[in-house]
Structure formats: structure tokens, C-alpha cells
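Text of data-v6.txt, listed as compact mmCIF, C-alpha atoms:
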# COMPACT_ATOMS: atom_id res chain seq x y z
CA MET H 1 0.00 0.00 0.00
CA ALA H 2 2.06 2.90 -1.28
CA THR H 3 0.39 6.24 -0.59
CA GLY H 4 3.22 8.60 -1.34
CA SER H 5 3.60 7.98 -5.07
CA SER H 6 3.83 11.08 -7.22
CA LYS H 7 1.79 9.67 -10.08
CA SER H 8 -1.65 11.17 -10.51
CA VAL H 9 -4.13 12.22 -13.15
CA PRO H 10 -3.40 15.73 -14.48
CA PRO H 11 -6.57 17.86 -14.49
CA SER H 12 -6.33 18.28 -18.26
CA GLN H 13 -6.77 14.52 -18.77
CA VAL H 14 -10.11 14.32 -16.98
CA PRO H 15 -12.80 13.76 -19.67
CA ASP H 16 -15.88 15.94 -20.02
CA SER H 17 -18.20 13.22 -18.66
CA VAL H 18 -16.45 13.15 -15.31
CA LYS H 19 -16.02 16.92 -15.23
CA SER H 20 -19.76 17.38 -15.72
CA ASP H 21 -20.53 15.07 -12.78
CA VAL H 22 -18.15 16.97 -10.52
CA GLU H 23 -19.49 20.30 -11.71
CA GLN H 24 -23.04 19.11 -11.08
CA ILE H 25 -22.30 18.28 -7.46
CA VAL H 26 -20.61 21.65 -6.99
CA GLN H 27 -23.29 23.71 -8.71
CA SER H 28 -26.23 21.94 -7.09
CA GLY H 29 -25.03 23.02 -3.66
CA MET H 30 -23.49 21.39 -0.61
CA ALA H 31 -24.70 23.50 2.32
CA ASP H 32 -27.06 20.76 3.56
CA PHE H 33 -24.40 19.33 5.89
CA THR H 34 -22.08 20.41 8.67
CA LEU H 35 -19.18 22.44 7.33
CA ARG H 36 -16.54 19.79 8.04
CA GLN H 37 -18.63 17.02 6.45
CA LEU H 38 -19.25 19.13 3.36
CA LEU H 39 -15.58 19.83 2.79
CA GLY H 40 -14.76 16.17 3.29
CA PHE H 41 -17.44 15.08 0.80
CA LEU H 42 -16.27 17.63 -1.76
CA ILE H 43 -12.61 16.57 -1.66
CA SER H 44 -13.42 12.84 -1.48
CA SER H 45 -15.84 12.92 -4.45
CA THR H 46 -13.32 14.69 -6.67
CA SER H 47 -10.63 12.14 -5.72
CA GLU H 48 -12.99 9.29 -6.61
CA ALA H 49 -13.67 10.81 -10.03
CA GLU H 50 -9.91 11.05 -10.65
CA ARG H 51 -9.44 7.37 -9.82
CA GLN H 52 -12.15 6.36 -12.29
CA VAL H 53 -10.35 8.18 -15.08
CA TYR H 54 -6.99 6.72 -14.06
CA LEU H 55 -8.34 3.13 -14.13
CA GLU H 56 -9.79 3.61 -17.60
CA LYS H 57 -6.29 4.32 -18.87
CA ALA H 58 -4.33 1.93 -16.61
CA GLU H 59 -6.09 -1.33 -17.50
CA GLN H 60 -3.54 -3.41 -15.58
CA ASP H 61 -4.41 -1.71 -12.31
CA VAL H 62 -7.56 -2.10 -10.17
CA SER H 63 -9.16 -0.19 -7.33
CA ASN H 64 -8.19 -1.18 -3.81
CA GLY H 65 -10.62 0.52 -1.45
CA TYR H 66 -9.93 3.67 0.51
CA TYR H 67 -7.98 5.02 3.42
CA HIS H 68 -8.89 7.91 5.68
CA ARG H 69 -6.71 10.98 6.01
CA ASN H 70 -7.00 14.06 8.21
CA LEU H 71 -6.35 17.37 6.49
CA GLN H 72 -6.27 20.94 7.67
CA LEU H 73 -8.28 23.76 6.05
CA GLY H 74 -7.05 26.82 7.90
CA SER H 75 -7.86 26.06 11.53
CA MET H 76 -10.51 23.47 10.61
CA PRO H 77 -9.66 19.72 10.67
CA VAL H 78 -11.33 17.78 7.84
CA GLU H 79 -11.43 14.01 7.34
CA VAL H 80 -11.43 12.73 3.75
CA ARG H 81 -11.74 9.28 2.19
CA VAL H 82 -8.84 8.81 -0.24
CA PRO H 83 -9.27 6.19 -3.02
CA ARG H 84 -6.31 3.93 -3.75
CA THR H 85 -5.29 1.30 -6.32
CA ARG H 86 -3.55 -2.05 -5.92
CA SER H 87 -0.33 -0.92 -7.57
CA GLY H 88 -0.09 2.21 -5.44
CA GLU H 89 0.72 4.29 -8.51
CA PHE H 90 -2.33 6.53 -8.23
CA ARG H 91 -2.47 9.66 -6.07
CA PRO H 92 -5.33 12.24 -6.34
CA THR H 93 -4.32 15.74 -7.36
CA THR H 94 -6.96 17.08 -4.96
CA LEU H 95 -4.72 16.20 -2.01
CA PRO H 96 -2.05 18.59 -0.77
CA SER H 97 1.52 17.73 -1.72
CA PRO H 98 3.02 14.74 0.17
CA TYR H 99 3.93 15.32 3.82
CA ARG H 100 1.68 18.39 3.98
CA ARG H 101 -1.63 18.36 5.86
CA GLY H 102 -2.98 21.72 4.75
CA TYR H 103 -4.13 23.53 1.61
CA SER H 104 -3.16 26.93 0.33
CA GLU H 105 -5.32 29.95 1.18
CA GLU H 106 -6.50 30.13 -2.44
CA VAL H 107 -7.87 26.57 -2.35
CA GLU H 108 -9.53 27.15 1.03
CA SER H 109 -11.25 30.26 -0.32
CA ILE H 110 -12.56 28.39 -3.38
CA LEU H 111 -13.95 25.49 -1.32
CA LEU H 112 -15.76 27.76 1.12
CA SER H 113 -17.18 29.85 -1.74
CA LEU H 114 -18.56 26.69 -3.38
CA LEU H 115 -20.37 25.81 -0.16
CA SER H 116 -22.03 29.19 0.18
CA SER H 117 -23.36 29.14 -3.42
CA SER H 118 -25.62 26.10 -2.87
CA ARG H 119 -29.32 26.13 -3.83
CA SER H 120 -31.41 23.44 -2.12
CA ILE H 121 -31.36 20.32 0.02
CA ASN H 122 -32.90 18.07 -2.62
CA ALA H 123 -30.41 19.14 -5.28
CA ALA H 124 -27.52 18.19 -2.98
CA LYS H 125 -29.13 14.84 -2.15
CA ASP H 126 -29.69 13.99 -5.82
CA ALA H 127 -26.17 14.96 -6.82
CA LEU H 128 -24.54 12.99 -4.01
CA GLN H 129 -26.61 9.91 -4.71
CA LYS H 130 -25.63 10.02 -8.40
CA MET H 131 -21.98 10.19 -7.36
CA GLY H 132 -22.43 7.25 -5.00
CA LEU H 133 -21.70 9.25 -1.86
CA SER H 134 -24.93 8.39 -0.06
CA HIS H 135 -26.64 5.05 0.37
CA SER H 136 -30.11 6.43 1.04
CA ALA H 137 -32.20 9.57 1.17
CA GLU H 138 -32.48 9.01 4.93
CA ASP H 139 -28.74 9.59 5.27
CA MET H 140 -29.07 12.98 3.61
CA GLU H 141 -32.03 13.93 5.79
CA ARG H 142 -30.09 12.96 8.91
CA ILE H 143 -27.06 15.06 7.97
CA ALA H 144 -29.22 18.06 7.05
CA ALA H 145 -31.12 17.72 10.34
CA ASN H 146 -27.84 17.79 12.26
CA LEU H 147 -26.91 21.24 10.95
CA ILE H 148 -30.40 22.59 11.61
CA GLU H 149 -30.14 21.24 15.16
CA GLU H 150 -26.79 23.01 15.58
CA LEU H 151 -28.43 26.32 14.63
CA GLU H 152 -31.27 25.74 17.10
CA LEU H 153 -28.73 25.03 19.84
CA HIS H 154 -26.96 28.26 18.89
CA ASN H 155 -30.27 30.08 19.44
CA SER H 156 -31.00 28.45 22.79
CA GLY H 157 -27.67 27.89 24.60
CA PRO H 158 -26.64 29.72 27.79
CA LEU H 159 -25.20 33.22 27.45
CA ASP H 160 -22.58 35.27 29.26
CA PRO H 161 -24.50 37.48 31.72
CA ASP H 162 -22.40 40.58 30.93
CA LEU H 163 -21.97 42.29 27.56
CA LEU H 164 -20.41 45.55 26.48
CA GLY H 165 -22.80 45.86 23.56
CA LEU H 166 -25.92 44.35 22.04
CA PHE H 167 -26.70 45.02 18.38
CA PHE H 168 -29.81 43.78 16.58
CA ASP H 169 -31.67 44.20 13.32
CA ALA H 170 -34.10 42.28 11.14
CA LYS H 171 -33.89 41.14 7.52
CA TYR H 172 -36.76 40.26 5.20
CA VAL H 173 -36.48 37.23 2.90
CA GLU H 174 -38.80 35.11 0.77
CA LEU H 175 -39.27 31.37 1.27
CA ARG H 176 -40.78 28.93 -1.18
CA GLU H 177 -43.25 26.64 0.57
CA GLY H 178 -45.99 24.63 -1.09
CA GLY H 179 -45.18 26.05 -4.52
CA LYS H 180 -45.68 29.65 -3.35
CA LEU H 181 -43.38 32.40 -2.07
CA HIS H 182 -43.98 33.56 1.49
CA GLU H 183 -42.45 36.42 3.46
CA ALA H 184 -40.25 35.66 6.45
CA CYS H 185 -38.21 37.75 8.87
CA ILE H 186 -34.81 36.89 10.31
CA TYR H 187 -34.18 38.39 13.75
CA VAL H 188 -30.40 38.79 14.19
CA VAL H 189 -28.74 39.66 17.52
CA VAL H 190 -24.98 40.20 17.89
CA GLY H 191 -23.24 40.62 21.22
CA LEU H 192 -19.92 42.30 22.05
CA GLY H 193 -18.31 40.48 24.97
CA ARG H 194 -16.07 41.99 27.61
CA ASP H 195 -13.19 40.19 25.91
CA GLY H 196 -13.74 42.29 22.76
CA LYS H 197 -15.09 39.39 20.67
CA LYS H 198 -18.27 39.61 18.60
CA ARG H 199 -20.69 36.71 18.90
CA ILE H 200 -24.00 35.85 17.28
CA LEU H 201 -26.47 35.37 20.12
CA ALA H 202 -29.59 34.69 18.05
CA CYS H 203 -30.47 34.21 14.40
CA ILE H 204 -34.15 33.29 14.37
CA VAL H 205 -36.50 32.83 11.41
CA ARG H 206 -40.18 33.75 11.84
CA ALA H 207 -42.97 33.83 9.29
CA GLY H 208 -44.36 37.19 8.20
CA ARG H 209 -43.03 40.72 8.58
CA GLU H 210 -40.98 42.18 11.44
CA SER H 211 -43.13 42.72 14.53
CA LEU H 212 -42.82 43.98 18.07
CA GLU H 213 -44.13 40.65 19.35
CA GLY H 214 -41.34 38.94 17.45
CA TRP H 215 -38.73 41.13 19.13
CA LYS H 216 -40.33 40.57 22.54
CA ALA H 217 -39.91 36.83 22.13
CA VAL H 218 -36.30 37.15 20.93
CA LEU H 219 -35.15 39.58 23.65
CA ARG H 220 -36.93 37.78 26.47
CA GLY H 221 -35.30 34.61 25.19
CA LEU H 222 -31.89 36.25 25.73
CA LEU H 223 -32.79 37.02 29.34
CA GLU H 224 -34.02 33.47 29.91
CA ARG H 225 -30.67 32.20 28.60
CA GLY H 226 -28.77 34.19 31.23
CA LEU H 227 -28.12 37.67 29.82
CA ARG H 228 -28.33 40.29 32.59
CA ARG H 229 -26.15 43.40 32.22
CA VAL H 230 -25.58 45.29 28.97
CA MET H 231 -23.84 48.65 28.72
CA MET H 232 -24.88 49.69 25.17
CA ILE H 233 -27.84 48.55 23.04
CA LEU H 234 -28.16 49.54 19.40
CA HIS H 235 -31.12 49.05 17.06
CA ASP H 236 -33.24 50.95 14.56
CA ASP H 237 -36.36 52.97 15.40
CA PHE H 238 -38.88 50.19 14.76
CA SER H 239 -42.23 51.13 16.28
CA GLY H 240 -42.35 50.25 19.98
CA LEU H 241 -38.86 48.73 20.10
CA LEU H 242 -37.26 51.61 22.02
CA HIS H 243 -39.81 51.36 24.85
CA LEU H 244 -39.31 47.58 24.95
CA THR H 245 -35.52 47.69 25.25
CA GLU H 246 -35.63 50.45 27.86
CA GLY H 247 -37.94 48.28 29.95
CA LEU H 248 -35.91 45.07 29.62
CA PHE H 249 -32.50 46.72 30.09
CA PRO H 250 -33.07 49.81 32.28
CA ASN H 251 -29.37 50.44 32.96
CA ALA H 252 -28.22 50.32 29.35
CA ASP H 253 -27.61 53.19 26.94
CA VAL H 254 -30.05 52.65 24.07
CA GLN H 255 -28.71 54.05 20.81
CA LEU H 256 -30.95 54.39 17.76
CA CYS H 257 -29.25 53.73 14.44
CA THR H 258 -28.15 57.05 12.93
CA VAL H 259 -27.94 55.56 9.42
CA HIS H 260 -31.65 54.72 9.56
CA MET H 261 -32.33 58.22 10.88
CA GLN H 262 -30.58 59.81 7.90
CA ARG H 263 -32.54 57.58 5.51
CA ASN H 264 -35.76 58.76 7.17
CA ALA H 265 -34.64 62.35 6.67
CA LYS H 266 -34.48 61.78 2.92
CA THR H 267 -38.06 60.47 3.07
CA HIS H 268 -39.53 63.32 5.14
CA LEU H 269 -37.51 66.28 3.90
CA SER H 270 -37.14 67.85 0.48
CA LYS H 271 -33.99 67.03 -1.45
CA THR H 272 -32.37 70.38 -0.62
CA ASP H 273 -33.32 70.23 3.06
CA ALA H 274 -32.17 66.60 3.32
CA LEU H 275 -28.74 67.63 2.05
CA GLU H 276 -28.50 70.41 4.66
CA PHE H 277 -29.72 67.99 7.36
CA HIS H 278 -26.96 65.55 6.43
CA GLN H 279 -24.28 68.26 6.58
CA ARG H 280 -25.45 69.45 9.99
CA TRP H 281 -25.62 65.89 11.31
CA THR H 282 -22.07 65.20 10.09
CA SER H 283 -20.91 68.15 12.19
CA ILE H 284 -22.80 66.84 15.23
CA LYS H 285 -21.15 63.41 14.95
CA SER H 286 -17.74 65.09 15.18
CA SER H 287 -18.56 66.95 18.39
CA TRP H 288 -15.99 66.63 21.16
CA THR H 289 -18.52 66.62 23.99
CA VAL H 290 -22.09 65.45 24.52
CA GLU H 291 -23.02 68.95 25.69
CA LEU H 292 -21.88 70.54 22.42
CA ALA H 293 -23.67 67.84 20.42
CA ASN H 294 -26.91 68.50 22.33
CA ALA H 295 -26.71 72.21 21.55
CA GLN H 296 -26.06 71.55 17.83
CA PHE H 297 -28.88 69.00 17.74
CA GLU H 298 -31.29 71.59 19.09
CA GLU H 299 -30.15 74.05 16.43
CA LEU H 300 -30.76 71.40 13.76
CA CYS H 301 -34.30 70.80 15.05
CA ASP H 302 -35.03 74.52 15.22
CA ARG H 303 -33.92 74.89 11.60
CA PHE H 304 -36.52 72.42 10.27
CA ALA H 305 -39.27 72.49 12.93
CA LYS H 306 -41.49 74.96 11.06
CA SER H 307 -41.47 73.04 7.77
CA TYR H 308 -41.65 69.53 9.22
CA PRO H 309 -43.22 69.86 12.71
CA SER H 310 -44.37 66.25 13.27
CA TRP H 311 -41.14 64.55 12.25
CA ILE H 312 -38.91 67.03 14.10
CA ALA H 313 -41.03 66.64 17.25
CA GLU H 314 -40.36 62.88 17.19
CA LEU H 315 -36.68 63.52 16.57
CA ARG H 316 -36.46 65.86 19.56
CA LYS H 317 -38.07 63.32 21.90
CA LYS H 318 -35.40 60.75 20.96
CA ARG H 319 -32.41 63.10 21.00
CA ASN H 320 -30.62 61.27 23.83
CA HIS H 321 -30.97 57.99 21.97
CA TYR H 322 -29.41 59.42 18.82
CA LEU H 323 -26.46 60.90 20.73
CA ALA H 324 -25.69 58.12 23.24
CA PHE H 325 -22.70 56.92 21.17
CA LEU H 326 -20.85 60.16 21.99
CA LYS H 327 -20.34 58.95 25.58
CA TYR H 328 -17.87 56.37 24.33
CA PRO H 329 -14.26 56.52 23.07
CA GLU H 330 -13.89 58.24 19.72
CA SER H 331 -12.45 55.15 17.98
CA VAL H 332 -15.64 53.09 18.57
CA ARG H 333 -18.25 55.79 18.00
CA ARG H 334 -18.85 54.77 14.41
CA SER H 335 -19.55 51.16 15.45
CA PHE H 336 -21.73 52.35 18.34
CA SER H 337 -23.89 54.60 16.16
CA SER H 338 -25.31 52.22 13.51
CA THR H 339 -26.45 48.63 13.04
CA ASN H 340 -23.75 47.98 10.42
CA LEU H 341 -22.24 45.31 12.66
CA VAL H 342 -25.26 43.09 11.97
CA GLU H 343 -24.76 43.58 8.23
CA ALA H 344 -21.90 41.06 8.36
CA ILE H 345 -24.56 38.36 8.52
CA ASN H 346 -27.18 40.07 6.38
CA GLY H 347 -24.59 40.67 3.66
CA GLN H 348 -23.72 36.97 3.46
CA LEU H 349 -27.40 36.06 3.36
CA GLU H 350 -28.00 38.52 0.55
CA ILE H 351 -25.28 36.86 -1.55
CA MET H 352 -26.77 33.43 -0.83
CA ARG H 353 -30.26 34.71 -1.70
CA ARG H 354 -29.09 35.95 -5.09
CA ASN H 355 -27.22 32.71 -5.76
CA SER H 356 -30.42 30.79 -4.97
CA GLY H 357 -32.46 32.68 -7.57
CA GLY H 358 -33.76 35.52 -5.39
CA TYR H 359 -35.41 33.41 -2.68
CA PHE H 360 -34.73 30.45 -0.40
CA HIS H 361 -36.16 27.11 -1.47
CA SER H 362 -37.42 26.18 2.00
CA GLU H 363 -37.13 27.17 5.64
CA ASP H 364 -34.73 24.28 6.21
CA THR H 365 -32.50 25.53 3.40
CA LEU H 366 -32.52 29.02 4.93
CA LYS H 367 -31.56 27.64 8.34
CA LEU H 368 -28.70 25.72 6.78
CA LYS H 369 -27.46 28.89 5.10
CA LEU H 370 -27.68 30.73 8.42
CA GLY H 371 -25.62 27.99 10.02
CA LEU H 372 -23.00 28.31 7.30
CA ALA H 373 -22.85 32.12 7.66
CA ILE H 374 -22.44 31.86 11.44
CA SER H 375 -19.72 29.19 11.16
CA SER H 376 -17.85 31.29 8.62
CA LEU H 377 -17.88 34.43 10.79
CA GLU H 378 -17.22 32.95 14.21
CA GLY H 379 -14.59 30.58 12.85
CA GLY H 380 -12.93 33.35 10.84
CA THR H 381 -12.79 37.12 11.33
CA TRP H 382 -14.74 37.02 14.61
CA LYS H 383 -12.52 34.38 16.21
CA THR H 384 -10.27 37.04 17.76
CA PRO H 385 -11.11 40.36 19.47
CA ALA H 386 -12.31 43.01 17.02
CA LYS H 387 -9.53 45.41 15.99
CA MET H 388 -11.73 48.47 16.44
CA PHE H 389 -12.54 47.59 20.07
CA PHE H 390 -9.31 46.01 21.31
CA PRO H 391 -7.26 49.25 21.75
CA VAL H 392 -9.91 50.72 24.09
CA LEU H 393 -11.12 47.47 25.63
CA HIS H 394 -9.71 48.35 29.06
CA GLN H 395 -11.52 51.70 28.92
CA LEU H 396 -14.82 50.09 27.94
CA ASN H 397 -14.52 47.55 30.75
CA ALA H 398 -13.78 50.32 33.23
CA MET H 399 -16.94 52.10 32.07
CA PHE H 400 -18.88 48.85 32.48
CA GLU H 401 -17.64 48.32 36.04
CA CYS H 402 -18.45 51.90 36.95
CA ARG H 403 -21.95 51.56 35.49
CA PHE H 404 -22.83 48.30 37.25
CA GLU H 405 -20.75 48.55 40.43
CA GLY H 406 -22.83 47.18 43.25
CA ALA H 407 -25.58 46.00 40.87
CA VAL H 408 -27.21 42.67 41.70
Entire entry expressed as C-alpha cells:
Amino acid sequence: MATGSSKSVPPSQVPDSVKSDVEQIVQSGMADFTLRQLLGFLISSTSEAERQVYLEKAEQDVSNGYYHRNLQLGSMPVEVRVPRTRSGEFRPTTLPSPYRRGYSEEVESILLSLLSSSRSINAAKDALQKMGLSHSAEDMERIAANLIEELELHNSGPLDPDLLGLFFDAKYVELREGGKLHEACIYVVVGLGRDGKKRILACIVRAGRESLEGWKAVLRGLLERGLRRVMMILHDDFSGLLHLTEGLFPNADVQLCTVHMQRNAKTHLSKTDALEFHQRWTSIKSSWTVELANAQFEELCDRFAKSYPSWIAELRKKRNHYLAFLKYPESVRRSFSSTNLVEAINGQLEIMRRNSGGYFHSEDTLKLKLGLAISSLEGGTWKTPAKMFFPVLHQLNAMFECRFEGAV
């Protein structure tokens, strides 16, 4: 059993029939499994296709089963099934070079991109069955159910009681159920821990449009899972949400998203006035003190109160919630003034939605995509403390301790 031979099938010698099978499994989508299983299936299936081509040309050789090998994709261990031949002359080109356990960054990027471009569960099951990678439809259902269960556990597990920040927003999507498209809302909550790391605390799918009742269930769920003390909360001005968060987290600074506020200004104000509003608001964001910002905010309201009395009256009532970010270090004010942090997940989902034809083929498929997005973030860029928060982390923690000193 020689496994270190250098002979293999050059990619250019793989015939179109085998290429089309491999392309079919890639294009049909693979996000119906756990991330490690998917990568293992992808590499193993390509190796099997290479062996078939090799045996067609090497008539004197025969297949000789498989052996298992552990590889490394970045920080992720992946187990693959490597096909072998009796002579030991065959070695798949899909494996890293001999004596190396890992792939290059370019290959890792390609494999992860292929996973995120999947379409539906059934397409993946059909493709894998045609390639001989699954013995029954029940196997596929079991693997898909495992990833959905992982997402549910992510939405229900215990939480750290203390957070520096809590950021949440909702995203609308369309699901295909029973041959028709239905609206659904994804409630996304991201937490900033006292260690400076960002974590996804909830990513919950509910039928219909965004609602206050939906947010009540999500936020009360966080409290039931152990969350107690939060220094900063950030969300948009969805009707009733400000009153809800103030009631559930009375000691937190509640910041309303300033990006949403500027979008609303474009809706309520004329084009010329909206431009002036934006310029004045830009000046307010650069204020050195909260006192100066309050004075400039009042001037802004006075400027437009006569022309737009109702909207400006609402703006005045929520002044403190639009300026709360100015209490914090200058380097984190941008992150503490908008819900852009949540867009890391929404952006990935938007790419997946477009790749799926503009909608998700089922709720299960959507949950699998959510699981993939979460795994990609928390296993990648969010694995270490955020660069924007780390330099002032000691200052933020000092503010937290001062805020909650003696609190029960």
C-alpha cells in the first residue's frame, strides 16, 4: 500500500463526462451538511472521479478501497476518504503535496465559496446519490437535520451574563413553501463580549413581517438564557422597540441607528433640506462633547421644525438615543452609532439569496445557510477580538464596572 507515489491524473486529462458530474455536485449546492462534512465530501468525491479516469487508462491496475486521512483547512480539521489502487501508482491531485496536511489559502477560499453558493437540500441529495456518496435519502435527511439542530442550539444555549454591547436588526427574505413564495423575517442579535469578541447570540426565522411581538420573544429569550447586564444597546427605530428595550435593560444606553435616521430624513424632507440635514448631522457626529452635540442638535431641530413639525417633534423626543454613542471613546463611535455590525450576517445572506435565484427554497435551506454564515464568521474574522474595540477594551470595561458597580 504505497500512498506517497507522485503519479496522478493531471486535471487536463479528466474527460468531459467526469467533469460534468463533478461540476453538477458543486453547482447543485453542498450547504445541507455540517461544514466539516461538506468539505470532506467535496474533496473525497473529486478524488474518486480522478481514480475512475486513471483506471480507464491503466487497465492493468484495479481499485483497492480507501484510506482515511485528516487534512487541515485553515484552523478546521477535515477528514477525507482517499481512493487507492492495488499498484499504489495513483495519487489524487486534490490532495495537498506529500507530507503536507494543509491547503493553500486560495484553495480554502474556493472550497468555502462553493459551499455558500448552494441552492437546495434536494439538489444536494440527488447529486450525491448520483456520485455514490450516499446510500439512502435518509442519510441525507439525517445530515441536514444535524446542521439545523446546531443552529437551534446556537439560538438556545446559555449566554454570558455581561456584555459591552448588544446590536440587533431584522432582515426580510422570501421562502418557497408549497409552490408559493412567502415572506419571512430573520431576527439577528450580535453581542460584544467583555473580551472584545463579537458573537451571534440569536439568528431566528419567523414567518411574516418584522413585529414587536417577534422582538419581545427574541429579547426575552436572551434574558431566559442568562443575559443580565448590557452597557450599550443599538437598534433601529422600529415602532415600539425603544420602549421595549428600555424596559428590559433599564441600565443600558439605548442608541438608535443614525444611518436609519438619515434615511428617514431623505423620506420626510425635500432634497435640498435633506442635504443640509446631512451636513449638519455630520458636524454633530464630530462633536468633542455630549453637551456641544446636544446644543447643535437643538439648532438642527429649530432649523426644520417649522417646515416639518411632526417629524422634528419625534426627533427631539429621541435626541438622547441618537447621541448616546458620543459617551464612548472616539475610535468606537462609528460602530456604536449604527447597526452595520449586523450587516456582516445580512450581507452573506443577501449573496446566498441571489445565488439561490432571489429566494430560499425552504425554511430548512434558509436555516442551513444561516448555520453556514455563522460558522464562517465565528470561525474566521470574529474568532479574535475586534480590531476596532481592542485598543480601548480596558476603557470600555472600566466604564462597564463603573456603570454596574454594586448591581445585583
Item to check | Within 12 Å of Val62 (chain H) using only C-alpha atoms, minus same-chain residues under 5 positions, as a list in words | outcome: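 Neighbouring residues, sequence-local ones excluded: Arg51, Gln52, Val53, Tyr54, Leu55, Glu56, Lys57, Pro83, Arg84, Thr85, Arg86, Ser87, Gly88, Glu89 and Phe90 of chain H.
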Checklist entry - If you count only C-alpha atoms, which residues fall within 12 Å of His394 (chain H), apart from same-chain ones fewer than 6 positions away, as an MDAnalysis selection string? => result chainID H and resid 164 194:196 329 400:401
Item to check | Expected residue set, 10 Å radius at (-20.2, 35.8, 26.6), only C-alpha atoms, as a list in words | outcome: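 Residues satisfying the cut-off, written out: Pro158, Leu159, Asp160, Pro161, Asp162, Leu163, Leu164, Gly191, Leu192, Gly193, Arg194, Asp195, Gly196, Lys197, Lys198, Arg199, Leu201, Gly226 and Leu227 of chain H.
Taking CA of Ser270 (chain H) as the reference point, CA of Glu299 (chain H) is found at 18.5 Å.
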Checklist outcome for this item: A straight line from CA of Arg334 (chain H) to CA of Glu350 (chain H) spans 23.2 Å
Item to check | Among listed residues H:Arg263, H:Glu177, H:Met231, H:Val342, nearest Glu246 (chain H) (using all atoms listed in the file) | outcome: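 Smallest distance to Glu246 (chain H) is found for H:Met231.
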Item to check | Between CA of Cys203 (chain H) and CA of Glu343 (chain H) - distance in Å to one decimal | outcome: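 Between CA of Glu343 (chain H) and CA of Cys203 (chain H) the gap is 12.6 Å.
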Next on the checklist: Need to verify the contact set: Asn251 (chain H), 10 Å, all atoms listed in the file, exclusion of same-chain residues closer than 4 positions in sequence. Can you return it as JSON, numbers by chain?
Outcome noted: {"H": [229, 230, 231, 232, 246, 247, 403, 404, 407]}
Next on the checklist: Counting all atoms listed in the file, I want the residues whose atoms come within 9 Å of (-40.4, 35.8, 10.9) in the file frame, returned as a VMD selection string.
Outcome noted: chain H and resid 172 183 to 187 204 to 211 214
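Nearest to Asn346 (chain H) of all the residues H:Leu234, H:Ala324, H:Val173, H:Val392 is H:Val173, based on all atoms listed in the file.
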Checklist entry - H:Trp311, H:Asn355, H:Val332, H:Ala373: which is nearest Thr267 (chain H), counting only C-alpha atoms? => result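 Distance minimum relative to Thr267 (chain H) lands on H:Trp311.
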Checklist entry - For Gly221 (chain H), which residue among H:Ser45, H:Ser307, H:Asn320, H:Ser156 is the nearest when counting only C-alpha atoms? => result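 Among the listed residues, H:Ser156 lies closest to Gly221 (chain H).
Around Ser331 (chain H), within 10 Å and counting all atoms listed in the file, the residues found are H:Phe336, H:Met388, H:Phe389, H:Pro391, H:Val392, once anything fewer than 5 positions away on its own chain is removed.
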Checklist entry - So which residues touch Asp273 (chain H) within 12 Å, counting all atoms listed in the file, skipping near sequence neighbours fewer than 4 positions away, as a PyMOL selection string? => result chain H and resi 262+265-269+277-280+300+303-305+307-308
Item to check | Residue with smallest distance to Gly358 (chain H) - pool H:Cys402, H:Ala313, H:Leu175, H:Ile374, counting only C-alpha atoms | outcome: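 Nearest to Gly358 (chain H): H:Leu175.
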Checklist entry - Using all atoms listed in the file, which of the listed residues (H:Leu323, H:Leu212, H:Ala58, H:Leu153) sits closest to Val254 (chain H)? => result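 Comparing H:Leu323, H:Leu212, H:Ala58, H:Leu153 against Val254 (chain H), the winner is H:Leu323.
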Could you rebuild region 390-402 of chain H with N, CA and C atoms and give it back as a tab-separated table (two decimals), in the frame of the given file?
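The resulting file, rebuild05.tsv, is shown below:
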chain	number	residue	atom	x	y	z
H	390	PHE	N	-10.40	46.49	20.46
H	390	PHE	CA	-9.31	46.01	21.31
H	390	PHE	C	-8.47	47.13	21.92
H	391	PRO	N	-8.10	48.20	21.16
H	391	PRO	CA	-7.26	49.25	21.75
H	391	PRO	C	-7.90	49.97	22.94
H	392	VAL	N	-9.23	50.02	22.99
H	392	VAL	CA	-9.91	50.72	24.09
H	392	VAL	C	-10.70	49.75	24.97
H	393	LEU	N	-10.35	48.47	24.89
H	393	LEU	CA	-11.12	47.47	25.63
H	393	LEU	C	-11.03	47.71	27.14
H	394	HIS	N	-9.86	48.08	27.63
H	394	HIS	CA	-9.71	48.35	29.06
H	394	HIS	C	-10.58	49.53	29.49
H	395	GLN	N	-10.70	50.52	28.61
H	395	GLN	CA	-11.52	51.70	28.92
H	395	GLN	C	-13.00	51.34	28.94
H	396	LEU	N	-13.43	50.52	27.98
H	396	LEU	CA	-14.82	50.09	27.94
H	396	LEU	C	-15.17	49.25	29.16
H	397	ASN	N	-14.26	48.38	29.57
H	397	ASN	CA	-14.52	47.55	30.75
H	397	ASN	C	-14.56	48.38	32.02
H	398	ALA	N	-13.73	49.42	32.07
H	398	ALA	CA	-13.78	50.32	33.23
H	398	ALA	C	-15.12	51.05	33.29
H	399	MET	N	-15.63	51.46	32.12
H	399	MET	CA	-16.94	52.10	32.07
H	399	MET	C	-18.03	51.12	32.50
H	400	PHE	N	-17.90	49.87	32.10
H	400	PHE	CA	-18.88	48.85	32.48
H	400	PHE	C	-18.90	48.67	34.00
H	401	GLU	N	-17.71	48.54	34.59
H	401	GLU	CA	-17.64	48.32	36.04
H	401	GLU	C	-18.19	49.52	36.81
H	402	CYS	N	-17.92	50.70	36.31
H	402	CYS	CA	-18.45	51.90	36.95
H	402	CYS	C	-19.97	51.96	36.86
